[in-house]
Every structure is written in structure tokens, then in C-alpha cells.
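Colleague: If it helps, the file is called protein32.pdb and holds PDB, C-alpha atoms and all ligand atoms:
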```pdb
MODEL        1
ATOM      1  CA  MET E  19       5.189  65.761  12.699  1.00  0.00           C
ATOM      2  CA  GLU E  20       4.130  69.104  11.355  1.00  0.00           C
ATOM      3  CA  GLY E  21       4.666  71.923  13.842  1.00  0.00           C
ATOM      4  CA  ASN E  22       2.032  74.059  15.413  1.00  0.00           C
ATOM      5  CA  ARG E  23       0.076  75.872  12.654  1.00  0.00           C
ATOM      6  CA  CYS E  24      -1.233  79.390  13.266  1.00  0.00           C
ATOM      7  CA  PRO E  25      -5.009  79.522  12.622  1.00  0.00           C
ATOM      8  CA  MET E  26      -4.775  83.138  11.402  1.00  0.00           C
ATOM      9  CA  CYS E  27      -1.782  83.430   9.081  1.00  0.00           C
ATOM     10  CA  GLY E  28      -1.132  79.727   8.449  1.00  0.00           C
ATOM     11  CA  ALA E  29       2.511  79.847   9.586  1.00  0.00           C
ATOM     12  CA  ILE E  30       4.169  76.815  11.070  1.00  0.00           C
ATOM     13  CA  VAL E  31       5.240  78.271  14.402  1.00  0.00           C
ATOM     14  CA  PRO E  32       9.069  78.009  14.736  1.00  0.00           C
ATOM     15  CA  ASP E  33      10.428  75.230  16.967  1.00  0.00           C
ATOM     16  CA  GLY E  34      10.396  75.957  20.664  1.00  0.00           C
ATOM     17  CA  LEU E  35       7.643  78.565  20.402  1.00  0.00           C
ATOM     18  CA  ILE E  36       3.962  78.109  21.138  1.00  0.00           C
ATOM     19  CA  ARG E  37       2.220  80.791  19.113  1.00  0.00           C
ATOM     20  CA  CYS E  38       2.959  83.012  16.167  1.00  0.00           C
ATOM     21  CA  ARG E  39       2.799  85.932  18.555  1.00  0.00           C
ATOM     22  CA  ASP E  40       5.894  84.559  20.353  1.00  0.00           C
ATOM     23  CA  ALA E  41       7.833  84.703  17.078  1.00  0.00           C
ATOM     24  CA  PHE E  42       6.551  88.239  16.478  1.00  0.00           C
ATOM     25  CA  ASN E  43       7.643  89.283  19.983  1.00  0.00           C
ATOM     26  CA  GLU E  44      11.125  87.879  19.410  1.00  0.00           C
ATOM     27  CA  VAL E  45      11.448  89.673  16.076  1.00  0.00           C
ATOM     28  CA  CYS E  46      10.277  92.940  17.663  1.00  0.00           C
ATOM     29  CA  ALA E  47      12.731  92.555  20.553  1.00  0.00           C
ATOM     30  CA  ARG E  48      15.531  92.273  17.991  1.00  0.00           C
ATOM     31  CA  GLU E  49      14.248  95.302  16.079  1.00  0.00           C
ATOM     32  CA  TYR E  50      14.124  97.343  19.290  1.00  0.00           C
ATOM     33  CA  SER E  51      17.620  96.365  20.391  1.00  0.00           C
ATOM     34  CA  ASP E  52      19.455  96.721  17.055  1.00  0.00           C
ATOM     35  CA  PRO E  53      18.826  99.743  14.775  1.00  0.00           C
ATOM     36  CA  GLY E  54      19.930  97.666  11.779  1.00  0.00           C
ATOM     37  CA  PHE E  55      17.002  95.347  12.387  1.00  0.00           C
ATOM     38  CA  GLY E  56      14.762  98.232  13.496  1.00  0.00           C
ATOM     39  CA  ALA E  57      15.083  99.865  10.060  1.00  0.00           C
ATOM     40  CA  VAL E  58      12.050  97.879   8.835  1.00  0.00           C
ATOM     41  CA  HIS E  59      10.052  97.779  12.078  1.00  0.00           C
ATOM     42  CA  GLN E  60       6.858  99.422  10.794  1.00  0.00           C
ATOM     43  CA  LEU E  61       6.610  96.896   7.949  1.00  0.00           C
ATOM     44  CA  THR E  62       6.885  94.104  10.506  1.00  0.00           C
ATOM     45  CA  VAL E  63       4.086  95.570  12.624  1.00  0.00           C
ATOM     46  CA  ASP E  64       1.761  96.206   9.668  1.00  0.00           C
ATOM     47  CA  ALA E  65       2.321  92.820   8.024  1.00  0.00           C
ATOM     48  CA  TYR E  66       1.830  90.968  11.287  1.00  0.00           C
ATOM     49  CA  ALA E  67      -1.284  92.933  12.289  1.00  0.00           C
ATOM     50  CA  LEU E  68      -2.908  92.423   8.869  1.00  0.00           C
ATOM     51  CA  GLN E  69      -2.324  88.676   9.115  1.00  0.00           C
ATOM     52  CA  HIS E  70      -3.741  88.541  12.663  1.00  0.00           C
ATOM     53  CA  SER E  71      -6.827  90.752  12.431  1.00  0.00           C
ATOM     54  CA  GLU E  72      -8.626  88.798  15.131  1.00  0.00           C
ATOM     55  CA  GLU E  73      -6.088  90.026  17.693  1.00  0.00           C
ATOM     56  CA  HIS E  74      -6.863  93.672  16.931  1.00  0.00           C
ATOM     57  CA  GLY E  75      -9.728  96.149  16.834  1.00  0.00           C
ATOM     58  CA  PRO E  76     -12.208  96.152  13.935  1.00  0.00           C
ATOM     59  CA  ARG E  77     -10.636  99.200  12.239  1.00  0.00           C
ATOM     60  CA  SER E  78      -7.084  98.006  12.588  1.00  0.00           C
ATOM     61  CA  ASN E  79      -6.962  96.468   9.085  1.00  0.00           C
ATOM     62  CA  ALA E  80      -7.759  99.857   7.560  1.00  0.00           C
ATOM     63  CA  PHE E  81      -5.112 101.636   9.611  1.00  0.00           C
ATOM     64  CA  HIS E  82      -2.361  99.108   8.911  1.00  0.00           C
ATOM     65  CA  LEU E  83      -3.239  98.693   5.222  1.00  0.00           C
ATOM     66  CA  SER E  84      -3.189 102.428   4.665  1.00  0.00           C
ATOM     67  CA  ARG E  85       0.195 102.723   6.369  1.00  0.00           C
ATOM     68  CA  LEU E  86       1.576  99.678   4.559  1.00  0.00           C
ATOM     69  CA  GLY E  87       0.543 101.280   1.256  1.00  0.00           C
ATOM     70  CA  ARG E  88       2.422 104.462   2.150  1.00  0.00           C
ATOM     71  CA  LEU E  89       5.538 102.497   3.087  1.00  0.00           C
ATOM     72  CA  LEU E  90       5.492 100.328  -0.040  1.00  0.00           C
ATOM     73  CA  GLU E  91       4.242 102.803  -2.644  1.00  0.00           C
ATOM     74  CA  ARG E  92       5.264 106.211  -1.320  1.00  0.00           C
ATOM     75  CA  GLY E  93       8.721 105.315  -0.076  1.00  0.00           C
ATOM     76  CA  GLU E  94       8.134 106.446   3.509  1.00  0.00           C
ATOM     77  CA  SER E  95      10.708 105.096   5.947  1.00  0.00           C
ATOM     78  CA  PRO E  96       9.622 101.996   7.834  1.00  0.00           C
ATOM     79  CA  ALA E  97      12.249 102.585  10.543  1.00  0.00           C
ATOM     80  CA  LEU E  98      11.392 102.356  14.196  1.00  0.00           C
ATOM     81  CA  GLY E  99       9.857 105.736  14.944  1.00  0.00           C
ATOM     82  CA  ARG E 100       9.617 108.123  17.812  1.00  0.00           C
ATOM     83  CA  ARG E 101       6.428 108.262  19.796  1.00  0.00           C
ATOM     84  CA  PRO E 102       3.892 110.684  18.280  1.00  0.00           C
ATOM     85  CA  THR E 103       3.173 113.936  20.108  1.00  0.00           C
ATOM     86  CA  ARG E 104       0.014 114.193  22.174  1.00  0.00           C
ATOM     87  CA  ALA E 105      -1.632 116.423  19.539  1.00  0.00           C
ATOM     88  CA  ALA E 106      -0.751 113.982  16.766  1.00  0.00           C
ATOM     89  CA  GLY E 107      -2.171 111.180  18.888  1.00  0.00           C
ATOM     90  CA  LYS E 108      -5.480 113.018  19.314  1.00  0.00           C
ATOM     91  CA  ALA E 109      -5.709 113.802  15.605  1.00  0.00           C
ATOM     92  CA  PHE E 110      -5.034 110.164  14.845  1.00  0.00           C
ATOM     93  CA  GLU E 111      -7.778 108.952  17.199  1.00  0.00           C
ATOM     94  CA  SER E 112     -10.395 111.048  15.458  1.00  0.00           C
ATOM     95  CA  ARG E 113      -9.236 109.854  12.013  1.00  0.00           C
ATOM     96  CA  TYR E 114      -9.187 106.263  13.198  1.00  0.00           C
ATOM     97  CA  ARG E 115     -12.872 106.381  14.155  1.00  0.00           C
ATOM     98  CA  GLY E 116     -13.678 107.207  10.525  1.00  0.00           C
ATOM     99  CA  PHE E 117     -11.875 104.167   9.126  1.00  0.00           C
ATOM    100  CA  PRO E 118     -14.001 101.407   7.574  1.00  0.00           C
ATOM    101  CA  VAL E 119     -14.018  97.841   8.834  1.00  0.00           C
ATOM    102  CA  LEU E 120     -12.114  95.902   6.150  1.00  0.00           C
ATOM    103  CA  GLU E 121     -12.558  92.172   6.185  1.00  0.00           C
ATOM    104  CA  ALA E 122      -9.338  90.142   6.097  1.00  0.00           C
ATOM    105  CA  PRO E 123      -8.949  88.052   2.913  1.00  0.00           C
ATOM    106  CA  ALA E 124      -9.288  84.262   3.158  1.00  0.00           C
ATOM    107  CA  SER E 125      -5.623  83.894   2.255  1.00  0.00           C
ATOM    108  CA  ARG E 126      -3.466  86.474   3.992  1.00  0.00           C
ATOM    109  CA  GLY E 127      -0.201  86.127   2.096  1.00  0.00           C
ATOM    110  CA  ALA E 128       2.310  83.491   1.028  1.00  0.00           C
ATOM    111  CA  LEU E 129       4.919  84.589   3.578  1.00  0.00           C
ATOM    112  CA  THR E 130       4.558  84.872   7.360  1.00  0.00           C
ATOM    113  CA  ILE E 131       6.459  85.776  10.507  1.00  0.00           C
ATOM    114  CA  ALA E 132       7.960  82.263  10.316  1.00  0.00           C
ATOM    115  CA  ASP E 133       9.789  83.325   7.126  1.00  0.00           C
ATOM    116  CA  VAL E 134      11.187  86.393   8.892  1.00  0.00           C
ATOM    117  CA  HIS E 135      12.065  84.919  12.291  1.00  0.00           C
ATOM    118  CA  GLY E 136      15.750  83.992  12.656  1.00  0.00           C
ATOM    119  CA  ALA E 137      17.354  86.209   9.998  1.00  0.00           C
ATOM    120  CA  GLU E 138      21.144  86.154   9.996  1.00  0.00           C
ATOM    121  CA  ASP E 139      21.891  89.869   9.853  1.00  0.00           C
ATOM    122  CA  PRO E 140      20.141  93.213   9.202  1.00  0.00           C
ATOM    123  CA  ASP E 141      20.361  92.889   5.409  1.00  0.00           C
ATOM    124  CA  ASP E 142      18.902  89.398   5.473  1.00  0.00           C
ATOM    125  CA  HIS E 143      16.219  90.603   7.885  1.00  0.00           C
ATOM    126  CA  ALA E 144      15.287  93.591   5.708  1.00  0.00           C
ATOM    127  CA  ARG E 145      15.075  91.401   2.596  1.00  0.00           C
ATOM    128  CA  ARG E 146      12.764  88.959   4.344  1.00  0.00           C
ATOM    129  CA  VAL E 147      10.545  91.647   5.873  1.00  0.00           C
ATOM    130  CA  TRP E 148      10.124  93.547   2.572  1.00  0.00           C
ATOM    131  CA  ALA E 149       9.128  90.304   0.798  1.00  0.00           C
ATOM    132  CA  TRP E 150       6.691  89.456   3.611  1.00  0.00           C
ATOM    133  CA  ALA E 151       5.161  92.948   3.561  1.00  0.00           C
ATOM    134  CA  ARG E 152       4.685  92.804  -0.240  1.00  0.00           C
ATOM    135  CA  SER E 153       3.001  89.402   0.030  1.00  0.00           C
ATOM    136  CA  VAL E 154       0.534  90.777   2.591  1.00  0.00           C
ATOM    137  CA  TRP E 155      -0.165  93.887   0.471  1.00  0.00           C
ATOM    138  CA  GLU E 156      -0.822  91.551  -2.467  1.00  0.00           C
ATOM    139  CA  ALA E 157      -3.175  89.382  -0.371  1.00  0.00           C
ATOM    140  CA  TYR E 158      -5.166  92.497   0.507  1.00  0.00           C
ATOM    141  CA  ARG E 159      -5.537  93.457  -3.166  1.00  0.00           C
ATOM    142  CA  PRO E 160      -9.377  93.732  -2.891  1.00  0.00           C
ATOM    143  CA  HIS E 161      -8.877  96.606  -0.421  1.00  0.00           C
ATOM    144  CA  GLN E 162      -6.039  98.383  -2.248  1.00  0.00           C
ATOM    145  CA  VAL E 163      -8.442 100.761  -4.005  1.00  0.00           C
ATOM    146  CA  TRP E 164      -9.684 101.945  -0.635  1.00  0.00           C
ATOM    147  CA  ALA E 165      -6.126 102.157   0.746  1.00  0.00           C
ATOM    148  CA  ARG E 166      -4.838 104.242  -2.181  1.00  0.00           C
ATOM    149  CA  ALA E 167      -7.809 106.613  -1.965  1.00  0.00           C
ATOM    150  CA  SER E 168      -7.217 106.978   1.758  1.00  0.00           C
ATOM    151  CA  ILE E 169      -3.531 107.770   1.164  1.00  0.00           C
ATOM    152  CA  GLU E 170      -4.480 110.322  -1.545  1.00  0.00           C
ATOM    153  CA  SER E 171      -6.825 112.071   0.838  1.00  0.00           C
ATOM    154  CA  GLY E 172      -4.041 112.301   3.390  1.00  0.00           C
ATOM    155  CA  SER E 173      -5.437 110.049   6.052  1.00  0.00           C
TER     156      SER E 173
HETATM  157 ZN    ZN C 201       0.124  83.656  12.646  1.00  0.00          ZN
ENDMDL
END
```
Once more with this new file: its structure as C-alpha cells, please.
Ligand SMILES: [Zn+2]

Modeller:
Amino acid sequence: MEGNRCPMCGAIVPDGLIRCRDAFNEVCAREYSDPGFGAVHQLTVDAYALQHSEEHGPRSNAFHLSRLGRLLERGESPALGRRPTRAAGKAFESRYRGFPVLEAPASRGALTIADVHGAEDPDDHARRVWAWARSVWEAYRPHQVWARASIESGS
């Protein structure tokens, strides 16, 4: 018997869980409770969101791809962050409305949340999450030109 396959990212949902989202929630709970795991939290959020576009708003691919590009190519820290200030939140909302609607690729990456779920320790977790994030960035190659231009322009 093959497990439950996610219709969006193609993952075989880990045993005992119903949906991919349950695995994501468990990984996030670990990242929130242990700073060692939380050190790669933003990569987890971006990779998961880009593989599950249908669960998010139409401009979410653009937002997450642009941030993923900054994390992977500009060396920004993917650690669990503080909440943005109210002013930063407002500025972000107006930028967000200008983002294009980027269609998710047919294949969204060779690795999924199932490859990340259940890491042994923070180092193992970080290794898995970085590999997952790179596989998603690679899958979105057709939109990388847009993402790099967006990063250049500071948005
Ligand atoms: Zn999935």
C-alpha cells in the first residue's frame, strides 16, 4: 500500500498523518519550540507555500519566490524572525498588491515536506530544509528571472 499522496506537492504523507499540511504543522511546531530547528524556518515556510499554491492567495507565489531567492542567493538569514512593525506591515501590503500572479510549475520540486519531517537533530533538519528549498527554487526556474529582477529592485 502506498501512503496518502499529496495532490499538490506529490509527497507521500508520513504515516499517521492525513494531509501534507499536518506534517508542515508538526515541523513548524518544532521550529517554534527549538531555536536550533527555527534557524531555517523561513525556508520551510517559503518552500511549503510554493509547493501548495492552491492553499494561498494568487500573489503568494511571487512573494515567497522573491523571499526564497533572497535567502538562497543573497545569504539573508532564514531564522525565525520577529513580527514586523506596523509601518513595515503597511509598506509590505502595498508592495504585495503589485506582485504578479506566477503560475506554479507542473513539477514543484524533487523534495517535499515528507523529506524534512522527522529530522534527528538541528543539523540534520537544516541540511534537509536547505536541500528542499533549493529543489523548489530549481522547480520555479521559469520565474527566476522575475524573482531576481524583483530582488534587484528592492521589493
Ligand atoms: Zn503536499

Colleague: Check what the PyMOL selection byres (((not hetatm)) within 8 of (chain C and resi 201)) selects in the file above and give those residues as a list in words.

Modeller: Arg23, Cys24, Pro25, Met26, Cys27, Gly28, Ala29, Val31, Arg37, Cys38, Arg39, Tyr66, Gln69, His70, Thr130 and Ile131 of chain E

Colleague: Do you know which residues are at most 9 Å from Glu121 in chain E counting all atoms listed in the file, after dropping those on the same chain fewer than 4 positions away, and could you put them as a PDB file with C-alpha atoms, keeping the file's coordinate frame?

Modeller:
```pdb
ATOM      1  CA  SER E  71      -6.827  90.752  12.431  1.00  0.00           C
ATOM      2  CA  PRO E  76     -12.208  96.152  13.935  1.00  0.00           C
ATOM      3  CA  ASN E  79      -6.962  96.468   9.085  1.00  0.00           C
ATOM      4  CA  HIS E 161      -8.877  96.606  -0.421  1.00  0.00           C
TER       5      HIS E 161
END
```

Colleague: Do you know which residues are at most 12 Å from Leu89 in chain E counting all atoms listed in the file, after dropping those on the same chain fewer than 6 positions away, and could you put them as number ranges by chain?

Modeller: E: 58-65, 82-83, 95-97, 148, 151-152, 155, 165-166, 169

Colleague: Residues picked by the PyMOL selection byres (((chain E and resi 75) around 12) and not hetatm) here, as a list in words?

Modeller: Ala67, Leu68, His70, Ser71, Glu72, Glu73, His74, Pro76, Arg77, Ser78, Asn79, Ala80, Phe81, His82, Tyr114, Arg115, Phe117, Pro118, Val119, Leu120 and Glu121 of chain E

Colleague: Expressed in Å to a single decimal, how great is the separation between CA of Arg88 in chain E and CA of Val163 in chain E?

Modeller: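 Atom-to-atom, CA of Arg88 in chain E to CA of Val163 in chain E, that is 13.0 Å.
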
Colleague: Applying the PyMOL selection byres (((chain E and resi 47-55) around 12) and not hetatm) to the file I just gave you, which residues come out? Please list them as a tab-separated table (two decimals) with C-alpha atoms, in the frame of the given file.

Modeller:
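This is the output file part-v5.tsv:
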```tsv
chain	number	residue	atom	x	y	z
E	40	ASP	CA	5.89	84.56	20.35
E	41	ALA	CA	7.83	84.70	17.08
E	42	PHE	CA	6.55	88.24	16.48
E	43	ASN	CA	7.64	89.28	19.98
E	44	GLU	CA	11.12	87.88	19.41
E	45	VAL	CA	11.45	89.67	16.08
E	46	CYS	CA	10.28	92.94	17.66
E	56	GLY	CA	14.76	98.23	13.50
E	57	ALA	CA	15.08	99.86	10.06
E	58	VAL	CA	12.05	97.88	8.84
E	59	HIS	CA	10.05	97.78	12.08
E	60	GLN	CA	6.86	99.42	10.79
E	61	LEU	CA	6.61	96.90	7.95
E	62	THR	CA	6.88	94.10	10.51
E	63	VAL	CA	4.09	95.57	12.62
E	96	PRO	CA	9.62	102.00	7.83
E	97	ALA	CA	12.25	102.58	10.54
E	98	LEU	CA	11.39	102.36	14.20
E	99	GLY	CA	9.86	105.74	14.94
E	100	ARG	CA	9.62	108.12	17.81
E	134	VAL	CA	11.19	86.39	8.89
E	135	HIS	CA	12.06	84.92	12.29
E	136	GLY	CA	15.75	83.99	12.66
E	137	ALA	CA	17.35	86.21	10.00
E	138	GLU	CA	21.14	86.15	10.00
E	139	ASP	CA	21.89	89.87	9.85
E	140	PRO	CA	20.14	93.21	9.20
E	141	ASP	CA	20.36	92.89	5.41
E	142	ASP	CA	18.90	89.40	5.47
E	143	HIS	CA	16.22	90.60	7.88
E	144	ALA	CA	15.29	93.59	5.71
E	145	ARG	CA	15.08	91.40	2.60
E	146	ARG	CA	12.76	88.96	4.34
E	147	VAL	CA	10.54	91.65	5.87
```

Colleague: So how many Å separate CA of Glu170 in chain E and CA of Arg126 in chain E, to one decimal?

Modeller: 24.5 Å

Colleague: What gap, in Å, lies between CA of Asn22 in chain E and CA of Ala124 in chain E?

Modeller: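 If I compute the distance from CA of Asn22 in chain E to CA of Ala124 in chain E, I get 19.6 Å.
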